file entry_23.txt (compact mmCIF, C-alpha atoms and all ligand atoms)
# COMPACT_ATOMS: atom_id res chain seq x y z
CA MET Z 25 -3.64 15.60 18.20
CA SER Z 26 -5.37 12.47 19.30
CA PHE Z 27 -4.64 11.85 22.92
CA GLY Z 28 -7.29 12.68 25.51
CA PRO Z 29 -6.75 15.20 28.30
CA ILE Z 30 -5.76 14.12 31.80
CA MET Z 31 -8.42 12.64 34.08
CA ARG Z 32 -7.63 11.44 37.58
CA PHE Z 33 -9.62 9.14 39.89
CA LYS Z 34 -9.25 6.34 42.40
CA ALA Z 35 -10.11 2.68 41.76
CA ASN Z 36 -10.33 1.03 45.15
CA ASP Z 37 -7.28 2.67 46.74
CA LEU Z 38 -5.21 2.97 43.57
CA VAL Z 39 -4.65 6.42 42.12
CA ILE Z 40 -5.21 6.18 38.38
CA GLU Z 41 -4.66 8.75 35.70
CA LEU Z 42 -5.98 8.59 32.16
CA ALA Z 43 -3.40 10.63 30.29
CA PRO Z 44 -1.54 10.80 26.96
CA LEU Z 45 1.17 8.32 26.09
CA ASN Z 46 4.71 9.21 25.12
CA ARG Z 47 7.21 7.41 22.90
CA GLU Z 48 9.24 6.14 25.85
CA SER Z 49 6.18 4.40 27.30
CA LEU Z 50 5.56 2.32 24.16
CA VAL Z 51 7.97 -0.38 25.23
CA GLU Z 52 5.64 -1.13 28.16
CA PHE Z 53 2.98 -2.35 25.74
CA ILE Z 54 5.19 -5.19 24.57
CA ASN Z 55 7.27 -5.93 27.64
CA PRO Z 56 5.72 -8.48 27.93
CA GLY Z 57 2.27 -6.79 27.54
CA MET Z 58 0.75 -7.51 24.16
CA GLN Z 59 3.25 -10.24 23.38
CA GLN Z 60 1.16 -12.45 25.70
CA HIS Z 61 -1.73 -14.40 24.16
CA SER Z 62 -3.58 -14.16 27.49
CA ILE Z 63 -3.78 -10.37 27.00
CA THR Z 64 -4.65 -10.16 23.31
CA ARG Z 65 -6.75 -13.26 22.65
CA TYR Z 66 -10.05 -11.37 22.98
CA ILE Z 67 -9.06 -8.25 21.08
CA GLY Z 68 -8.76 -9.84 17.68
CA MET Z 69 -4.98 -10.12 17.59
CA ASP Z 70 -3.28 -13.36 16.64
CA SER Z 71 0.25 -12.03 16.31
CA ALA Z 72 2.57 -10.36 18.80
CA PRO Z 73 3.56 -6.74 18.15
CA VAL Z 74 7.16 -5.53 18.38
CA ILE Z 75 8.34 -2.02 19.18
CA GLU Z 76 8.21 -0.88 15.52
CA ASN Z 77 4.51 -1.82 15.36
CA GLU Z 78 3.87 0.25 18.47
CA GLN Z 79 5.81 3.19 17.04
CA ASP Z 80 3.76 3.03 13.83
CA TRP Z 81 0.55 2.89 15.87
CA TYR Z 82 1.73 5.85 17.97
CA ASP Z 83 2.50 7.96 14.89
CA LYS Z 84 -0.87 7.16 13.32
CA THR Z 85 -2.70 7.85 16.58
CA ARG Z 86 -0.90 11.13 17.20
CA THR Z 87 -2.21 12.63 13.97
CA ALA Z 88 -5.57 10.85 13.61
CA LYS Z 89 -8.62 13.10 13.73
CA ASP Z 90 -11.22 10.49 14.61
CA VAL Z 91 -9.51 8.90 17.63
CA LEU Z 92 -8.91 9.77 21.28
CA VAL Z 93 -6.53 7.56 23.25
CA TRP Z 94 -5.57 7.64 26.91
CA GLY Z 95 -2.85 5.68 28.66
CA ILE Z 96 -4.02 4.15 31.95
CA TRP Z 97 -1.34 5.15 34.46
CA LEU Z 98 -0.93 4.03 38.06
CA ILE Z 99 0.35 6.94 40.15
CA GLU Z 100 2.37 6.20 43.29
CA GLY Z 101 4.00 9.40 44.50
CA ASP Z 102 6.39 10.47 41.74
CA LYS Z 103 6.27 7.05 40.10
CA ARG Z 104 4.06 6.50 37.04
CA THR Z 105 3.45 2.95 35.81
CA LEU Z 106 1.65 2.35 32.55
CA LEU Z 107 -1.05 -0.32 32.97
CA GLY Z 108 -2.83 -0.13 29.63
CA ASN Z 109 -4.95 2.10 27.47
CA SER Z 110 -8.49 3.24 26.87
CA ALA Z 111 -9.76 4.67 23.62
CA LEU Z 112 -12.58 6.14 21.57
CA THR Z 113 -12.06 5.31 17.92
CA ASP Z 114 -13.97 5.91 14.66
CA ILE Z 115 -15.41 9.10 16.11
CA GLU Z 116 -18.21 10.25 13.81
CA ARG Z 117 -19.37 13.84 14.04
CA GLY Z 118 -22.29 13.74 11.62
CA HIS Z 119 -25.99 14.15 12.37
CA ILE Z 120 -25.46 11.44 14.97
CA ARG Z 121 -22.25 11.68 16.95
CA GLN Z 122 -20.85 8.33 17.94
CA ALA Z 123 -17.65 6.38 18.54
CA THR Z 124 -16.35 2.90 19.34
CA SER Z 125 -14.67 2.26 22.67
CA GLY Z 126 -11.90 -0.17 23.55
CA SER Z 127 -9.69 -0.85 26.53
CA MET Z 128 -6.81 -3.02 27.65
CA ILE Z 129 -4.90 -3.51 30.88
CA PHE Z 130 -1.75 -5.41 29.93
CA ARG Z 131 -0.53 -6.03 33.50
CA GLN Z 132 -2.68 -8.94 34.65
CA GLU Z 133 -1.85 -8.40 38.31
CA TYR Z 134 -4.05 -5.29 38.09
CA TRP Z 135 -7.12 -7.09 36.71
CA GLY Z 136 -10.21 -7.32 38.91
CA LYS Z 137 -9.41 -4.17 40.90
CA GLY Z 138 -12.13 -2.06 39.32
CA ILE Z 139 -9.71 -0.06 37.17
CA ALA Z 140 -11.47 -0.67 33.84
CA SER Z 141 -14.92 -0.05 35.35
CA ALA Z 142 -13.79 3.32 36.71
CA ALA Z 143 -11.89 4.21 33.53
CA HIS Z 144 -14.98 3.43 31.41
CA LYS Z 145 -17.05 5.81 33.54
CA ALA Z 146 -14.46 8.57 33.18
CA ARG Z 147 -14.28 8.03 29.40
CA THR Z 148 -18.08 8.01 29.13
CA LEU Z 149 -18.29 11.29 31.02
CA TYR Z 150 -15.77 12.82 28.64
CA ALA Z 151 -17.52 11.37 25.58
CA PHE Z 152 -20.95 12.67 26.57
CA GLU Z 153 -20.14 15.94 28.34
CA GLN Z 154 -17.16 17.14 26.31
CA LEU Z 155 -17.57 15.52 22.89
CA GLY Z 156 -21.37 15.56 22.90
CA LEU Z 157 -21.66 12.00 21.57
CA HIS Z 158 -25.05 10.33 21.32
CA ARG Z 159 -23.70 6.80 21.45
CA ILE Z 160 -20.62 4.71 22.26
CA LYS Z 161 -20.36 1.23 20.76
CA SER Z 162 -18.25 -1.64 22.02
CA ALA Z 163 -17.73 -5.26 21.00
CA VAL Z 164 -16.86 -8.06 23.43
CA ILE Z 165 -16.03 -11.68 22.67
CA GLN Z 166 -18.51 -13.67 24.77
CA VAL Z 167 -15.95 -15.53 26.86
CA ASN Z 168 -14.53 -12.19 28.01
CA GLY Z 169 -16.90 -11.98 31.00
CA GLY Z 170 -14.79 -9.44 32.87
CA SER Z 171 -14.91 -7.00 29.99
CA ARG Z 172 -18.67 -7.28 29.54
CA LYS Z 173 -19.21 -6.82 33.27
CA ALA Z 174 -17.06 -3.67 33.39
CA LEU Z 175 -18.93 -2.21 30.39
CA GLU Z 176 -22.40 -3.05 31.69
CA ARG Z 177 -21.50 -1.46 34.98
CA SER Z 178 -20.96 1.84 33.24
CA GLY Z 179 -24.23 1.67 31.34
CA TYR Z 180 -23.57 -0.37 28.20
CA ASN Z 181 -26.36 -2.62 26.95
CA LEU Z 182 -26.45 -5.59 24.56
CA VAL Z 183 -27.75 -4.69 21.08
CA TYR Z 184 -27.11 -7.93 19.21
CA VAL Z 185 -24.94 -11.02 19.11
CA GLU Z 186 -22.77 -11.68 16.08
CA ARG Z 187 -22.03 -15.38 15.67
CA ASN Z 188 -18.61 -16.86 15.05
CA THR Z 189 -16.59 -13.67 14.73
CA VAL Z 190 -13.31 -15.16 15.97
CA PHE Z 191 -11.66 -18.52 16.52
CA VAL Z 192 -9.88 -18.48 19.88
CA ASP Z 193 -8.48 -21.27 22.06
CA GLY Z 194 -9.84 -24.05 19.85
CA GLN Z 195 -13.37 -22.72 19.36
CA LEU Z 196 -15.43 -20.32 17.31
CA ARG Z 197 -16.64 -17.53 19.56
CA HIS Z 198 -19.59 -15.17 19.34
CA GLN Z 199 -19.36 -11.45 19.83
CA ASP Z 200 -21.66 -9.27 21.96
CA ASN Z 201 -22.22 -5.86 20.39
CA LEU Z 202 -23.01 -3.34 23.09
CA GLU Z 203 -23.90 0.32 23.13
CA CYS Z 204 -24.01 3.07 25.70
CA LEU Z 205 -26.52 5.82 24.88
CA ASN Z 206 -26.20 9.37 26.13
CA PRO Z 207 -28.96 9.39 28.75
CA VAL Z 208 -29.48 13.14 28.96
CA GLU Z 209 -31.50 15.47 26.79
CA PRO Z 210 -31.47 16.42 23.97
CA PHE Z 211 -29.30 13.40 23.05
CA TRP Z 212 -31.68 10.72 24.34
CA SER Z 213 -34.68 12.07 22.41
CA GLN Z 214 -32.62 12.76 19.31
CA TRP Z 215 -31.54 9.11 19.31
CA PHE Z 216 -35.06 7.70 19.72
CA HIS Z 217 -37.06 10.51 18.02
CA GLY Z 218 -40.44 8.99 18.82
CA ASP Z 219 -39.48 5.29 18.88
CA ARG Z 220 -40.18 3.63 22.20
CA PRO Z 221 -37.04 2.48 24.08
CA THR Z 222 -37.13 -1.09 25.39
CA LYS Z 223 -37.16 -1.97 29.09
CA ALA Z 224 -33.49 -2.99 28.80
CA GLN Z 225 -32.67 0.40 27.28
CA TYR Z 226 -34.40 2.22 30.13
CA GLU Z 227 -32.47 0.08 32.63
CA ALA Z 228 -29.21 0.81 30.84
CA ARG Z 229 -30.09 4.52 30.84
CA GLN Z 230 -30.37 4.38 34.61
CA ARG Z 231 -27.00 2.62 34.91
CA THR Z 232 -25.44 5.23 32.64
CA LEU Z 233 -26.90 8.08 34.72
CA GLU Z 234 -25.42 6.47 37.82
CA ALA Z 235 -22.06 5.97 36.10
CA LEU Z 236 -22.00 9.61 35.02
CA GLU Z 237 -22.90 10.75 38.52
CA TRP Z 238 -20.07 8.63 39.95
CA ALA Z 239 -17.68 10.16 37.44
CA ARG Z 240 -18.81 13.72 38.15
CA GLN Z 241 -18.07 13.15 41.82
CA HIS Z 242 -14.87 11.13 41.55
CA VAL Z 243 -13.11 12.07 38.32
CA THR Z 244 -11.00 15.20 38.13
CA LEU Z 245 -10.64 16.52 34.61
CA LEU Z 246 -7.52 18.64 34.96
C1 LIG Z 301 -11.23 -6.60 30.21
C2 LIG Z 301 -10.34 -5.79 31.16
C3 LIG Z 301 -10.13 -4.40 30.54
C4 LIG Z 301 -11.08 -5.65 32.49
O1 LIG Z 301 -10.31 -4.82 33.33
P1 LIG Z 301 -10.43 -4.88 34.93
O2 LIG Z 301 -9.80 -3.64 35.48
O3 LIG Z 301 -9.92 -6.18 35.38
O4 LIG Z 301 -12.00 -4.79 35.11
P2 LIG Z 301 -12.79 -4.50 36.47
O5 LIG Z 301 -11.96 -4.93 37.64
O6 LIG Z 301 -13.27 -3.09 36.45
O7 LIG Z 301 -14.08 -5.41 36.31
C5 LIG Z 301 -13.98 -6.73 35.93
C6 LIG Z 301 -15.11 -7.49 36.64
O8 LIG Z 301 -15.34 -8.68 35.95
C7 LIG Z 301 -15.07 -9.78 36.80
N1 LIG Z 301 -14.52 -10.82 35.98
C8 LIG Z 301 -13.23 -11.03 35.66
N2 LIG Z 301 -13.14 -12.10 34.86
C9 LIG Z 301 -14.40 -12.55 34.66
C10 LIG Z 301 -14.96 -13.63 33.93
N3 LIG Z 301 -14.19 -14.46 33.23
N4 LIG Z 301 -16.29 -13.78 33.93
C11 LIG Z 301 -17.09 -12.94 34.62
N5 LIG Z 301 -16.62 -11.90 35.35
C12 LIG Z 301 -15.28 -11.73 35.37
C13 LIG Z 301 -14.15 -9.24 37.85
O9 LIG Z 301 -14.17 -10.03 39.01
C14 LIG Z 301 -14.74 -7.88 38.06
O10 LIG Z 301 -15.93 -7.94 38.79
P3 LIG Z 301 -16.03 -7.57 40.35
O11 LIG Z 301 -15.50 -6.17 40.47
O12 LIG Z 301 -17.49 -7.67 40.66
O13 LIG Z 301 -15.17 -8.56 41.07
C15 LIG Z 301 -8.98 -6.50 31.40
O14 LIG Z 301 -9.23 -7.78 31.88
C16 LIG Z 301 -8.14 -6.60 30.14
O15 LIG Z 301 -7.47 -5.64 29.77
N6 LIG Z 301 -8.15 -7.76 29.43
C17 LIG Z 301 -7.35 -7.95 28.23
C18 LIG Z 301 -7.79 -7.10 27.04
C19 LIG Z 301 -9.27 -7.15 26.82
O16 LIG Z 301 -9.90 -8.18 26.86
N7 LIG Z 301 -9.85 -5.95 26.57
C20 LIG Z 301 -11.28 -5.79 26.36
C21 LIG Z 301 -11.66 -6.17 25.01
S1 LIG Z 301 -13.42 -6.04 24.77
call {"tool": "encode", "arguments": {"input": "entry_23.txt", "output": "structure tokens"}}
result
Amino acid sequence: MSFGPIMRFKANDLVIELAPLNRESLVEFINPGMQQHSITRYIGMDSAPVIENEQDWYDKTRTAKDVLVWGIWLIEGDKRTLLGNSALTDIERGHIRQATSGSMIFRQEYWGKGIASAAHKARTLYAFEQLGLHRIKSAVIQVNGGSRKALERSGYNLVYVERNTVFVDGQLRHQDNLECLNPVEPFWSQWFHGDRPTKAQYEARQRTLEALEWARQHVTLL
């Protein structure tokens, strides 16, 4: 079972739920969703998926043990509209517990309304307080300024830049590799175990603490 449990919060005045997907909702991802280059150009896709691809992805996700996926749903009374998804993938539960995060809102009219920023905070709260992760990683193509901003807001910090990872819109693009470290003990000390964190890491820790506090106050984990 690899969908995350329901979390509800508001982004500006929109009621948003992070909740599992169902088969019927898959058509939303491609209608027109991920068949638009403007949606997928920064997530490493250069082809457009069709419904069978989404069904395959759904079947794999449903049984995967190292993945947690949430649909991002807009709730208006009884009406539920799927806006995108948010995920923790490659979840490692070894001596260090970590995962990679990713997110997409495929309805562009909902961009810039703070939905991803709030969803990241909810996901981070779940990752740190329920899964006990030490670290969440995320990669952002440098031109994707909105994505980096939303991640930094919830406590992510740049670790290193990888040059020329993709060729998009006529140019080679670099990739920012970010991380969000669990700011609370014992996770923080286990991660650093005597090494001195940098100033940027301390600043990111503070942002993460604030993001977690926001989520504790505003996110309802049903
Ligand atoms: C990236 C994405 C998830 C962001 O979602 P969102 O809900 O629009 O994000 P938010 O509204 O929480 O925050 C985005 C912020 O970046 C800003 N922003 C948007 N485009 C920007 C740009 N090109 N450069 C800098 N900042 C930008 C927004 O104005 C907003 O800041 P503000 O709240 O101060 O105005 C969404 O655009 C998306 O799904 N894109 C397609 C898929 C994708 O790129 N996924 C991420 C892969 S790493």
call {"tool": "residues_around", "arguments": {"input": "entry_23.txt", "residues": "Ser26 (chain Z)", "least_positions_apart": "3", "cutoff": "10 Å", "atoms": "only C-alpha atoms", "output": "NGL selection string"}}
result
:Z and (29 or 44 or 82 or 84-94 or 111-113)
call {"tool": "residues_near_point", "arguments": {"input": "entry_23.txt", "point": "(-17.2, -17.7, 17.5)", "cutoff": "12 Å", "atoms": "only C-alpha atoms", "output": "list in words"}}
result
Tyr66, Gly68, Val164, Ile165, Gln166, Val167, Val185, Glu186, Arg187, Asn188, Thr189, Val190, Phe191, Val192, Asp193, Gly194, Gln195, Leu196, Arg197, His198, Gln199 and Asp200 of chain Z
call {"tool": "residues_around", "arguments": {"input": "entry_23.txt", "residues": "Thr105 (chain Z)", "least_positions_apart": "4", "cutoff": "12 Å", "atoms": "only C-alpha atoms", "output": "ChimeraX atom specification"}}
result
/Z:38-43,45,48-53,95-101,109,129-131,134
call {"tool": "closest_residue", "arguments": {"input": "entry_23.txt", "among": "Z:Gly108, Z:Gly169, Z:Gly179, Z:Gly156", "to": "Phe211 (chain Z)", "atoms": "all atoms listed in the file"}}
result
Z:Gly156
call {"tool": "residues_around", "arguments": {"input": "entry_23.txt", "residues": "Met69 (chain Z)", "least_positions_apart": "5", "cutoff": "12 Å", "atoms": "only C-alpha atoms", "output": "mmCIF file with C-alpha atoms, in the coordinates of the input"}}
result
data_model
loop_
_atom_site.group_PDB
_atom_site.id
_atom_site.type_symbol
_atom_site.label_atom_id
_atom_site.label_comp_id
_atom_site.auth_asym_id
_atom_site.auth_seq_id
_atom_site.Cartn_x
_atom_site.Cartn_y
_atom_site.Cartn_z
ATOM 1 C CA MET Z 58 0.750 -7.510 24.160
ATOM 2 C CA GLN Z 59 3.250 -10.240 23.380
ATOM 3 C CA GLN Z 60 1.160 -12.450 25.700
ATOM 4 C CA HIS Z 61 -1.730 -14.400 24.160
ATOM 5 C CA SER Z 62 -3.580 -14.160 27.490
ATOM 6 C CA ILE Z 63 -3.780 -10.370 27.000
ATOM 7 C CA THR Z 64 -4.650 -10.160 23.310
ATOM 8 C CA VAL Z 190 -13.310 -15.160 15.970
ATOM 9 C CA PHE Z 191 -11.660 -18.520 16.520
ATOM 10 C CA VAL Z 192 -9.880 -18.480 19.880
#
call {"tool": "build_atoms", "arguments": {"input": "entry_23.txt", "residues": "region 133-164 of chain Z", "atoms": "N, CA and C atoms", "output": "CSV table (one decimal), in the coordinates of the input"}}
result
chain,number,residue,atom,x,y,z
Z,133,GLU,N,-1.7,-8.5,36.9
Z,133,GLU,CA,-1.8,-8.4,38.3
Z,133,GLU,C,-2.8,-7.3,38.7
Z,134,TYR,N,-3.1,-6.4,37.8
Z,134,TYR,CA,-4.0,-5.3,38.1
Z,134,TYR,C,-5.5,-5.6,37.6
Z,135,TRP,N,-5.7,-6.7,37.1
Z,135,TRP,CA,-7.1,-7.1,36.7
Z,135,TRP,C,-8.0,-7.3,38.0
Z,136,GLY,N,-9.3,-7.0,37.8
Z,136,GLY,CA,-10.2,-7.3,38.9
Z,136,GLY,C,-10.1,-6.3,40.1
Z,137,LYS,N,-9.5,-5.2,39.8
Z,137,LYS,CA,-9.4,-4.2,40.9
Z,137,LYS,C,-10.3,-3.0,40.6
Z,138,GLY,N,-11.2,-3.1,39.6
Z,138,GLY,CA,-12.1,-2.1,39.3
Z,138,GLY,C,-11.5,-0.9,38.5
Z,139,ILE,N,-10.3,-1.1,37.9
Z,139,ILE,CA,-9.7,-0.1,37.2
Z,139,ILE,C,-10.5,0.2,35.9
Z,140,ALA,N,-10.8,-0.9,35.1
Z,140,ALA,CA,-11.5,-0.7,33.8
Z,140,ALA,C,-12.9,-0.1,34.1
Z,141,SER,N,-13.6,-0.6,35.1
Z,141,SER,CA,-14.9,0.0,35.4
Z,141,SER,C,-14.9,1.4,35.6
Z,142,ALA,N,-13.9,1.9,36.4
Z,142,ALA,CA,-13.8,3.3,36.7
Z,142,ALA,C,-13.3,4.1,35.5
Z,143,ALA,N,-12.4,3.5,34.7
Z,143,ALA,CA,-11.9,4.2,33.5
Z,143,ALA,C,-13.0,4.4,32.5
Z,144,HIS,N,-13.9,3.3,32.4
Z,144,HIS,CA,-15.0,3.4,31.4
Z,144,HIS,C,-15.9,4.6,31.8
Z,145,LYS,N,-16.1,4.7,33.1
Z,145,LYS,CA,-17.0,5.8,33.5
Z,145,LYS,C,-16.4,7.2,33.2
Z,146,ALA,N,-15.1,7.3,33.5
Z,146,ALA,CA,-14.5,8.6,33.2
Z,146,ALA,C,-14.5,8.9,31.7
Z,147,ARG,N,-14.3,7.9,30.9
Z,147,ARG,CA,-14.3,8.0,29.4
Z,147,ARG,C,-15.7,8.4,28.9
Z,148,THR,N,-16.7,7.7,29.5
Z,148,THR,CA,-18.1,8.0,29.1
Z,148,THR,C,-18.4,9.5,29.5
Z,149,LEU,N,-18.0,9.9,30.6
Z,149,LEU,CA,-18.3,11.3,31.0
Z,149,LEU,C,-17.7,12.2,30.0
Z,150,TYR,N,-16.4,12.0,29.6
Z,150,TYR,CA,-15.8,12.8,28.6
Z,150,TYR,C,-16.5,12.8,27.3
Z,151,ALA,N,-16.9,11.6,26.9
Z,151,ALA,CA,-17.5,11.4,25.6
Z,151,ALA,C,-18.9,12.1,25.5
Z,152,PHE,N,-19.6,12.1,26.6
Z,152,PHE,CA,-21.0,12.7,26.6
Z,152,PHE,C,-20.9,14.2,26.9
Z,153,GLU,N,-20.1,14.5,27.9
Z,153,GLU,CA,-20.1,15.9,28.3
Z,153,GLU,C,-19.2,16.8,27.6
Z,154,GLN,N,-18.1,16.3,27.0
Z,154,GLN,CA,-17.2,17.1,26.3
Z,154,GLN,C,-17.2,17.0,24.8
Z,155,LEU,N,-17.5,15.7,24.3
Z,155,LEU,CA,-17.6,15.5,22.9
Z,155,LEU,C,-19.0,15.6,22.4
Z,156,GLY,N,-20.0,15.5,23.3
Z,156,GLY,CA,-21.4,15.6,22.9
Z,156,GLY,C,-21.8,14.4,22.0
Z,157,LEU,N,-21.3,13.2,22.3
Z,157,LEU,CA,-21.7,12.0,21.6
Z,157,LEU,C,-23.1,11.5,22.0
Z,158,HIS,N,-23.8,11.0,21.0
Z,158,HIS,CA,-25.0,10.3,21.3
Z,158,HIS,C,-24.8,8.9,21.8
Z,159,ARG,N,-23.8,8.3,21.3
Z,159,ARG,CA,-23.7,6.8,21.4
Z,159,ARG,C,-22.3,6.3,21.4
Z,160,ILE,N,-21.9,5.4,22.3
Z,160,ILE,CA,-20.6,4.7,22.3
Z,160,ILE,C,-20.9,3.2,22.0
Z,161,LYS,N,-20.2,2.7,21.1
Z,161,LYS,CA,-20.4,1.2,20.8
Z,161,LYS,C,-19.2,0.5,21.3
Z,162,SER,N,-19.4,-0.8,21.6
Z,162,SER,CA,-18.2,-1.6,22.0
Z,162,SER,C,-18.6,-3.1,21.7
Z,163,ALA,N,-17.5,-3.8,21.3
Z,163,ALA,CA,-17.7,-5.3,21.0
Z,163,ALA,C,-16.9,-6.1,22.0
Z,164,VAL,N,-17.5,-7.2,22.5
Z,164,VAL,CA,-16.9,-8.1,23.4
Z,164,VAL,C,-17.0,-9.5,23.0
